[in-house]
Structures are given as C-alpha cells and as structure tokens.
file model23.cif (mmCIF, C-alpha atoms and all ligand atoms)
data_run
#
loop_
_atom_site.label_atom_id
_atom_site.label_comp_id
_atom_site.auth_asym_id
_atom_site.auth_seq_id
_atom_site.Cartn_x
_atom_site.Cartn_y
_atom_site.Cartn_z
CA MET A 1 -12.05 7.22 12.97
CA ARG A 2 -9.69 5.85 10.36
CA ARG A 3 -8.89 8.22 7.51
CA VAL A 4 -9.35 6.62 4.10
CA ILE A 5 -6.08 6.22 2.20
CA ILE A 6 -5.95 5.72 -1.57
CA ALA A 7 -2.53 4.97 -3.03
CA GLY A 8 -1.56 4.56 -6.66
CA ASN A 9 1.13 1.96 -7.29
CA TRP A 10 2.50 2.86 -10.71
CA LYS A 11 4.71 -0.26 -10.72
CA MET A 12 7.30 -0.24 -13.55
CA ASN A 13 5.46 2.32 -15.64
CA LYS A 14 5.93 5.99 -16.58
CA ASN A 15 9.11 7.73 -17.64
CA ILE A 16 9.88 11.12 -16.14
CA SER A 17 7.77 13.25 -18.46
CA GLU A 18 4.83 10.84 -18.26
CA SER A 19 5.12 10.86 -14.48
CA ILE A 20 5.11 14.65 -14.39
CA ASP A 21 2.00 14.78 -16.59
CA LEU A 22 0.15 12.22 -14.48
CA ALA A 23 1.10 13.82 -11.16
CA ASN A 24 0.05 17.25 -12.42
CA ALA A 25 -3.29 15.95 -13.68
CA ILE A 26 -4.03 14.20 -10.37
CA LYS A 27 -3.05 17.26 -8.39
CA ARG A 28 -5.23 19.57 -10.50
CA SER A 29 -8.29 17.34 -10.17
CA LEU A 30 -7.99 16.54 -6.49
CA TYR A 31 -6.56 19.76 -5.03
CA ASN A 32 -9.63 20.33 -2.86
CA VAL A 33 -9.96 16.82 -1.43
CA GLU A 34 -8.96 16.74 2.22
CA GLU A 35 -11.06 13.86 3.58
CA VAL A 36 -9.10 11.19 1.74
CA GLU A 37 -5.35 10.73 2.07
CA ILE A 38 -3.92 10.45 -1.45
CA VAL A 39 -0.56 8.83 -2.21
CA VAL A 40 1.24 8.27 -5.50
CA CYS A 41 4.06 5.73 -5.80
CA PRO A 42 6.02 6.33 -9.01
CA PRO A 43 9.13 4.34 -9.98
CA PHE A 44 12.41 5.45 -8.33
CA THR A 45 13.51 7.40 -11.43
CA SER A 46 10.51 9.73 -11.18
CA LEU A 47 10.41 10.30 -7.41
CA SER A 48 12.36 13.54 -7.45
CA ASP A 49 10.35 15.16 -10.24
CA VAL A 50 7.01 14.04 -8.84
CA ASN A 51 8.05 15.31 -5.41
CA GLU A 52 8.47 18.80 -6.83
CA ILE A 53 4.90 18.66 -8.11
CA VAL A 54 3.23 17.27 -4.99
CA LEU A 55 5.30 19.23 -2.47
CA GLU A 56 3.02 21.29 -0.23
CA SER A 57 -0.06 19.77 -1.85
CA ASN A 58 -2.56 17.24 -0.49
CA ILE A 59 -0.85 14.49 -2.51
CA LYS A 60 1.80 12.42 -0.76
CA LEU A 61 4.76 10.64 -2.25
CA GLY A 62 5.53 6.95 -1.82
CA ALA A 63 8.16 4.53 -3.12
CA GLN A 64 7.59 0.94 -4.21
CA ASP A 65 10.47 -0.76 -2.38
CA VAL A 66 13.51 -0.07 -0.21
CA TYR A 67 16.61 -1.83 1.08
CA TRP A 68 17.07 -2.09 4.84
CA GLU A 69 20.71 -0.98 5.11
CA LYS A 70 21.35 2.75 5.36
CA GLU A 71 24.22 2.95 2.86
CA GLY A 72 27.14 1.00 1.48
CA ALA A 73 28.14 -1.57 -1.09
CA PHE A 74 24.67 -2.79 -2.13
CA THR A 75 24.68 -2.20 -5.86
CA GLY A 76 21.29 -1.37 -7.28
CA GLU A 77 19.57 -0.77 -3.96
CA VAL A 78 17.97 2.36 -2.51
CA SER A 79 17.92 3.10 1.24
CA SER A 80 15.30 4.62 3.50
CA PRO A 81 17.37 7.79 4.15
CA MET A 82 17.54 8.23 0.36
CA LEU A 83 13.76 7.88 0.13
CA LYS A 84 13.31 10.36 2.96
CA ASN A 85 15.66 12.76 1.22
CA VAL A 86 13.67 12.61 -2.03
CA GLY A 87 10.42 13.39 -0.19
CA CYS A 88 8.79 10.01 0.40
CA GLU A 89 6.34 9.73 3.27
CA TYR A 90 5.25 6.19 2.37
CA CYS A 91 6.88 3.09 0.93
CA ILE A 92 5.24 -0.13 -0.25
CA VAL A 93 6.94 -3.28 1.06
CA GLY A 94 6.24 -6.95 0.44
CA HIS A 95 4.20 -6.47 -2.71
CA SER A 96 3.26 -9.87 -4.13
CA GLU A 97 5.20 -9.10 -7.30
CA ARG A 98 8.33 -8.66 -5.20
CA ARG A 99 7.54 -11.82 -3.26
CA GLN A 100 6.98 -13.70 -6.54
CA PHE A 101 9.76 -12.36 -8.79
CA PHE A 102 12.41 -10.99 -6.45
CA GLY A 103 12.59 -13.40 -3.54
CA GLU A 104 10.94 -11.10 -1.00
CA THR A 105 10.09 -12.96 2.21
CA ASN A 106 8.33 -12.02 5.43
CA GLU A 107 11.77 -11.69 6.98
CA THR A 108 13.00 -9.15 4.42
CA VAL A 109 9.67 -7.31 4.54
CA ASN A 110 10.10 -7.05 8.30
CA LYS A 111 13.61 -5.63 7.99
CA LYS A 112 12.45 -3.12 5.39
CA ALA A 113 9.49 -1.99 7.48
CA LYS A 114 11.77 -1.42 10.48
CA ALA A 115 14.29 0.51 8.39
CA LEU A 116 11.52 2.76 7.05
CA LEU A 117 10.05 3.40 10.49
CA LYS A 118 13.47 4.46 11.78
CA GLU A 119 13.50 7.09 9.07
CA GLY A 120 9.94 8.23 9.74
CA ILE A 121 8.60 6.76 6.50
CA MET A 122 5.29 4.90 6.75
CA PRO A 123 5.40 1.35 5.38
CA ILE A 124 2.51 0.00 3.35
CA VAL A 125 2.89 -3.69 4.12
CA CYS A 126 1.30 -5.96 1.52
CA VAL A 127 -0.16 -9.34 2.42
CA GLY A 128 -2.42 -11.76 0.59
CA GLU A 129 -2.99 -15.25 -0.65
CA LYS A 130 -2.53 -16.82 -4.08
CA LEU A 131 -5.37 -18.51 -5.93
CA GLU A 132 -4.02 -21.96 -5.02
CA ASP A 133 -4.03 -20.97 -1.33
CA ARG A 134 -7.65 -19.86 -1.55
CA LYS A 135 -8.66 -23.03 -3.36
CA ALA A 136 -6.93 -25.10 -0.68
CA ASN A 137 -8.75 -23.16 2.06
CA LYS A 138 -5.46 -21.69 3.23
CA THR A 139 -6.37 -18.01 2.84
CA PHE A 140 -6.37 -17.29 6.56
CA ASP A 141 -3.19 -19.31 7.15
CA VAL A 142 -1.32 -17.30 4.53
CA ILE A 143 -2.65 -13.98 5.81
CA LYS A 144 -1.67 -14.93 9.35
CA ASP A 145 1.82 -15.92 8.24
CA HIS A 146 2.30 -12.66 6.31
CA VAL A 147 0.89 -10.40 9.01
CA THR A 148 2.54 -11.95 12.07
CA ASN A 149 5.97 -12.39 10.50
CA SER A 150 6.11 -9.16 8.48
CA LEU A 151 5.16 -7.11 11.56
CA ALA A 152 7.17 -9.13 14.11
CA GLY A 153 8.95 -7.04 16.71
CA LEU A 154 7.19 -3.78 15.85
CA THR A 155 5.95 -1.74 18.80
CA LYS A 156 2.45 -0.39 19.32
CA GLU A 157 3.92 3.03 18.62
CA ASP A 158 5.37 1.77 15.31
CA MET A 159 1.96 0.43 14.34
CA ARG A 160 0.47 3.92 14.32
CA LYS A 161 2.58 4.52 11.22
CA VAL A 162 1.95 1.23 9.42
CA VAL A 163 -0.64 0.72 6.71
CA ILE A 164 -1.54 -2.83 5.70
CA ALA A 165 -2.62 -3.64 2.17
CA TYR A 166 -4.61 -6.82 1.67
CA GLU A 167 -3.96 -7.81 -1.92
CA PRO A 168 -5.18 -11.25 -2.91
CA VAL A 169 -2.77 -12.25 -5.67
CA TRP A 170 -5.55 -13.69 -7.84
CA ALA A 171 -7.19 -10.25 -7.98
CA ILE A 172 -4.10 -8.31 -9.05
CA GLY A 173 -4.20 -7.19 -12.66
CA THR A 174 -6.84 -9.78 -13.50
CA GLY A 175 -9.96 -7.62 -13.59
CA VAL A 176 -11.44 -9.96 -10.99
CA ASN A 177 -11.63 -8.08 -7.72
CA ALA A 178 -12.41 -9.69 -4.40
CA THR A 179 -16.09 -9.29 -3.65
CA LYS A 180 -16.94 -6.86 -0.89
CA GLU A 181 -17.71 -9.84 1.35
CA GLN A 182 -14.37 -11.52 0.62
CA ALA A 183 -12.51 -8.27 1.26
CA GLN A 184 -14.40 -7.55 4.48
CA GLU A 185 -13.81 -11.08 5.78
CA ALA A 186 -10.05 -10.84 5.19
CA HIS A 187 -9.77 -7.32 6.60
CA LYS A 188 -11.72 -8.28 9.70
CA TYR A 189 -9.41 -11.23 10.19
CA ILE A 190 -6.32 -9.00 9.82
CA ARG A 191 -7.74 -6.61 12.43
CA ALA A 192 -8.31 -9.54 14.81
CA LEU A 193 -4.69 -10.62 14.28
CA LEU A 194 -3.52 -7.10 15.13
CA LYS A 195 -5.54 -7.23 18.33
CA ASP A 196 -3.81 -10.47 19.32
CA MET A 197 -0.35 -9.19 18.39
CA PHE A 198 -0.68 -5.67 19.80
CA ASP A 199 -3.92 -4.54 21.41
CA GLY A 200 -7.45 -3.39 20.66
CA THR A 201 -6.45 0.23 20.19
CA VAL A 202 -3.82 -0.64 17.61
CA ALA A 203 -6.27 -2.93 15.83
CA GLU A 204 -9.01 -0.29 15.73
CA SER A 205 -6.76 2.48 14.51
CA ALA A 206 -4.77 0.51 11.90
CA ARG A 207 -5.67 1.26 8.33
CA ILE A 208 -6.14 -1.70 6.00
CA GLN A 209 -6.28 -1.05 2.27
CA TYR A 210 -7.69 -3.43 -0.27
CA GLY A 211 -5.78 -3.98 -3.54
CA GLY A 212 -6.58 -6.01 -6.63
CA SER A 213 -8.50 -4.76 -9.68
CA VAL A 214 -9.88 -1.70 -7.91
CA LYS A 215 -11.77 0.41 -10.43
CA PRO A 216 -14.12 3.41 -10.36
CA ASP A 217 -17.07 1.03 -10.59
CA ASN A 218 -16.19 -1.18 -7.61
CA ILE A 219 -14.59 1.25 -5.16
CA LYS A 220 -17.87 2.35 -3.60
CA GLU A 221 -18.94 -1.13 -2.54
CA LEU A 222 -15.46 -2.03 -1.32
CA ILE A 223 -14.98 1.15 0.72
CA SER A 224 -18.46 0.75 2.24
CA GLN A 225 -17.19 -2.28 4.16
CA GLU A 226 -16.54 -1.72 7.82
CA ASP A 227 -12.91 -2.84 7.82
CA VAL A 228 -11.86 -1.56 4.38
CA ASP A 229 -10.02 1.73 4.91
CA GLY A 230 -8.75 2.46 1.44
CA ALA A 231 -7.26 0.99 -1.69
CA LEU A 232 -3.90 0.27 -3.25
CA VAL A 233 -4.54 0.76 -6.94
CA GLY A 234 -2.40 -0.58 -9.78
CA GLY A 235 -3.69 -0.39 -13.35
CA ALA A 236 -6.38 2.19 -12.65
CA SER A 237 -3.80 4.56 -11.15
CA LEU A 238 -1.92 4.92 -14.44
CA LYS A 239 -4.40 7.42 -15.83
CA ALA A 240 -5.63 10.46 -13.97
CA ASP A 241 -9.30 9.98 -14.77
CA PRO A 242 -9.95 6.56 -13.17
CA PHE A 243 -7.66 7.32 -10.23
CA VAL A 244 -9.48 10.59 -9.55
CA GLN A 245 -12.82 8.79 -9.78
CA ILE A 246 -11.63 6.17 -7.29
CA VAL A 247 -10.62 8.88 -4.82
CA ARG A 248 -13.92 10.71 -5.34
CA GLY A 249 -15.78 7.43 -4.91
CA CYS A 250 -14.62 7.44 -1.29
CA LEU A 251 -16.03 10.87 -0.45
P1 LIG B 1 -4.28 -3.79 -10.08
O1 LIG B 1 -5.08 -2.64 -9.52
O2 LIG B 1 -3.72 -3.51 -11.43
O3 LIG B 1 -5.02 -5.08 -9.98
O4 LIG B 1 -2.99 -3.94 -9.14
C1 LIG B 1 -3.14 -3.99 -7.77
C2 LIG B 1 -1.82 -3.86 -7.13
O5 LIG B 1 -0.98 -4.73 -7.25
C3 LIG B 1 -1.53 -2.63 -6.39
O6 LIG B 1 -0.36 -2.75 -5.66
#
call {"tool": "encode", "arguments": {"input": "model23.cif", "output": "structure tokens", "more": "lines below"}}
Ligand code: 13P
result
Amino acid sequence: MRRVIIAGNWKMNKNISESIDLANAIKRSLYNVEEVEIVVCPPFTSLSDVNEIVLESNIKLGAQDVYWEKEGAFTGEVSSPMLKNVGCEYCIVGHSERRQFFGETNETVNKKAKALLKEGIMPIVCVGEKLEDRKANKTFDVIKDHVTNSLAGLTKEDMRKVVIAYEPVWAIGTGVNATKEQAQEAHKYIRALLKDMFDGTVAESARIQYGGSVKPDNIKELISQEDVDGALVGGASLKADPFVQIVRGCL
C-alpha cells in the first residue's frame, strides 16, 4: 500500500511571520491526521522557523530546490547538507518553473536528486508536459524523457525514497486541472516506465503525486484514481483552510 502524500509548495511566497502563522494553522488543524503524509515546502528564508513549529509533529519539512555540490564557491546556492541541517526531509527538484525560468534540465535534476539521496533527503522529482506538447501528441514522449533522464543511474534502493510529481505545465496556476482520466493515464504510464527502468516492486511502491490546480473540490476525484498517490499543491497551499481540506479530502 502506498501512503498518500500531500505537499504544499509555497513557491516564492510568505515572509517569516506569515510562514509561522501558516505552519501553525496547518499543524493545529491536522495534528490528528496520521493516514496522510503531510509536507510543507516554504521558501529557504522560512525553513528554520517553520522547522521549529513542525518538529516532532506529523508535518514534514521540504525545500523547493537544492544545489548538488556539498559546499564551496557557489554564490547564492544552498546544499543538501544545509537542507538536512535545517530539518528538511523532502526537497522538490525539477519543478517546471525552474525548468522554464532557471535553466533546469533533466541532467541537473538528476544531479540534485542524487545529492539529496546521499544526504537522506527524499527528492520530489517533477515531470510534465507543456500545452504545446500535449497538443502535438507528445505528452508521453516528454514524460518519458523527464522520467528516464531525471532518474538515470538511481538504484532500486534509491527509488524507495523518491516521490514523483506529475505536473502538466498547462494545469499549473491556471485553474484548469487535468481531469481524473488524464491524470490516471499519465500516472499509469509513469509507473510502467518505472517498471521498465527498475522493476515491478519499485513501480508498485513508488508514490506519484499529481500537481496542477489541485483544490478542495477536485482532490477527491483525483485521489480516487488507482495510480494517483497524492498531490503537490501550489496556490491552494498558501492558506490553511483549503490546504487542510485537501488533506482531509484524502482520508
Ligand atoms: P497550483 O496548485 O497553483 O496550480 O501549482 C501547482 C504547482 O506548481 C505545485 O508545485
């Protein structure tokens, strides 16, 4: 059985006091939820303060990006040991916004995932096609390219710690979510790729989140799909109420 995982990607939102308020509100409302794994991914500047709030709670801390070197002259970057030190158990890599605006490639995603795994941090590896890809019937090609190259060289053991997030770019921040059928089709395809790359056990145990305009009113139908194991939530994770409802919608 795959445990449902709901993660909030706060993106470049929330100063320290706003982060503290949001984390406290989420913790208060969800303190008794054990069935669903709950992760919050604040910006780097709030990680330390949010960690103090979620420490020894059922809420886990995640970062939104990492650099693959451990330390050194890499101005502006943050390493996986630093994330470990601040309390992160998860880290998003390869988000489409990083691919689009910051030159992230499958190759850099792969290096980042490996660096995180070395530190015992679980990567949430984002994959997904753009609208033009879907229109050109290239959805599966893009997913295959992202999955095979971002996870290249990982071991079966590594894969026990990896979460995949299928985030079709056309659904992110648009209010237009993938239908449950579209999500299921993509997730099933990703699981088949994992079986080819690794084995059936890895494929069956890997958790695949859906991301893109997840809201309290669509989570139930998305999570009801056989291969949808959770959600990576953007906009609706910026307020406690909708995020809490999304988590509760999975119970
Ligand atoms: P929205 O939920 O705002 O569409 O964002 C999804 C996302 O990018 C999560 O990483």
call {"tool": "closest_atom_pairs", "arguments": {"input": "model23.cif", "of": "chain A", "to": "ligand LIG 1 (chain B)", "cutoff": "7 Å", "atoms": "all atoms listed in the file", "output": "JSON lines"}}
result
{"residue": "A:Asn9", "atom": "CA", "partner": "B:LIG1", "partner_atom": "O6", "distance": 5.2}
{"residue": "A:His95", "atom": "CA", "partner": "B:LIG1", "partner_atom": "O6", "distance": 6.6}
{"residue": "A:Glu167", "atom": "CA", "partner": "B:LIG1", "partner_atom": "O5", "distance": 6.8}
{"residue": "A:Ala171", "atom": "CA", "partner": "B:LIG1", "partner_atom": "O3", "distance": 6.0}
{"residue": "A:Ile172", "atom": "CA", "partner": "B:LIG1", "partner_atom": "O3", "distance": 3.5}
{"residue": "A:Gly173", "atom": "CA", "partner": "B:LIG1", "partner_atom": "O3", "distance": 3.5}
{"residue": "A:Thr174", "atom": "CA", "partner": "B:LIG1", "partner_atom": "O3", "distance": 6.1}
{"residue": "A:Gly175", "atom": "CA", "partner": "B:LIG1", "partner_atom": "O3", "distance": 6.6}
{"residue": "A:Gly211", "atom": "CA", "partner": "B:LIG1", "partner_atom": "C1", "distance": 5.0}
{"residue": "A:Gly212", "atom": "CA", "partner": "B:LIG1", "partner_atom": "O3", "distance": 3.8}
{"residue": "A:Ser213", "atom": "CA", "partner": "B:LIG1", "partner_atom": "O3", "distance": 3.5}
{"residue": "A:Val214", "atom": "CA", "partner": "B:LIG1", "partner_atom": "O1", "distance": 5.1}
{"residue": "A:Leu232", "atom": "CA", "partner": "B:LIG1", "partner_atom": "C3", "distance": 4.9}
{"residue": "A:Val233", "atom": "CA", "partner": "B:LIG1", "partner_atom": "O1", "distance": 4.3}
{"residue": "A:Gly234", "atom": "CA", "partner": "B:LIG1", "partner_atom": "O1", "distance": 3.4}
{"residue": "A:Gly235", "atom": "CA", "partner": "B:LIG1", "partner_atom": "O2", "distance": 3.7}
{"residue": "A:Ala236", "atom": "CA", "partner": "B:LIG1", "partner_atom": "O1", "distance": 5.9}
call {"tool": "closest_residue", "arguments": {"input": "model23.cif", "among": "A:Cys88, A:Ala206, A:Ala73, A:Ile53", "to": "Leu116 of chain A", "atoms": "only C-alpha atoms"}}
result
A:Cys88
call {"tool": "atom_distance", "arguments": {"input": "model23.cif", "atom1": "atom CA of Thr155 of chain A", "atom2": "atom CA of Met197 of chain A"}}
result
9.8 Å
call {"tool": "residues_around", "arguments": {"input": "model23.cif", "residues": "Leu238 of chain A", "least_positions_apart": "6", "cutoff": "10 Å", "atoms": "all atoms listed in the file", "output": "list in words"}}
result
Gly8, Asn9, Trp10, Lys11, Asn13, Lys14, Glu18, Ser19, Leu22, Ala23 and Pro42 of chain A
call {"tool": "closest_residue", "arguments": {"input": "model23.cif", "among": "A:Lys114, A:Lys138, A:His146, A:Lys161", "to": "Cys126 of chain A", "atoms": "only C-alpha atoms"}}
result
A:His146
call {"tool": "atom_distance", "arguments": {"input": "model23.cif", "atom1": "atom CA of Val39 of chain A", "atom2": "atom CA of Ile6 of chain A"}}
result
6.3 Å
call {"tool": "closest_residue", "arguments": {"input": "model23.cif", "among": "A:Val78, A:Ala7, A:Val93, A:Met12", "to": "Lys60 of chain A", "atoms": "all atoms listed in the file"}}
result
A:Ala7
call {"tool": "closest_residue", "arguments": {"input": "model23.cif", "among": "A:Glu34, A:Ser205, A:Val40, A:Ile59", "to": "Ser237 of chain A", "atoms": "only C-alpha atoms"}}
result
A:Val40
call {"tool": "residues_around", "arguments": {"input": "model23.cif", "residues": "Glu204 of chain A", "least_positions_apart": "2", "cutoff": "9 Å", "atoms": "all atoms listed in the file", "output": "number ranges by chain"}}
result
A: 1-2, 191, 194-195, 199-202, 206-207
call {"tool": "residues_near_point", "arguments": {"input": "model23.cif", "point": "(6.5, -2.4, 5.7)", "cutoff": "12 Å", "atoms": "all atoms listed in the file", "output": "MDAnalysis selection string"}}
result
chainID A and resid 63:68 80 90:95 104:118 120:127 146:147 149:152 154 158:159 161:165
call {"tool": "residues_around", "arguments": {"input": "model23.cif", "residues": "Asp141 of chain A", "least_positions_apart": "6", "cutoff": "12 Å", "atoms": "only C-alpha atoms", "output": "number ranges by chain"}}
result
A: 127-130, 133-134, 147-149, 186, 189-190, 193
call {"tool": "atom_distance", "arguments": {"input": "model23.cif", "atom1": "atom CA of Ala178 of chain A", "atom2": "atom CA of Lys135 of chain A"}}
result
13.9 Å
call {"tool": "axis_aligned_box", "arguments": {"input": "model23.cif", "around": "segment 161-176 of chain A", "padding_each_side": "6 Å", "output": "JSON"}}
result
{"center_x": -4.4, "center_y": -4.6, "center_z": -1.2, "size_x": 26.0, "size_y": 30.2, "size_z": 36.8}
call {"tool": "closest_residue", "arguments": {"input": "model23.cif", "among": "A:Ile246, A:Pro43, A:Lys70, A:Thr139", "to": "Lys220 of chain A", "atoms": "all atoms listed in the file"}}
result
A:Ile246
call {"tool": "closest_residue", "arguments": {"input": "model23.cif", "among": "A:Ile16, A:Val228, A:Val4, A:Ala192", "to": "Glu35 of chain A", "atoms": "only C-alpha atoms"}}
result
A:Val4
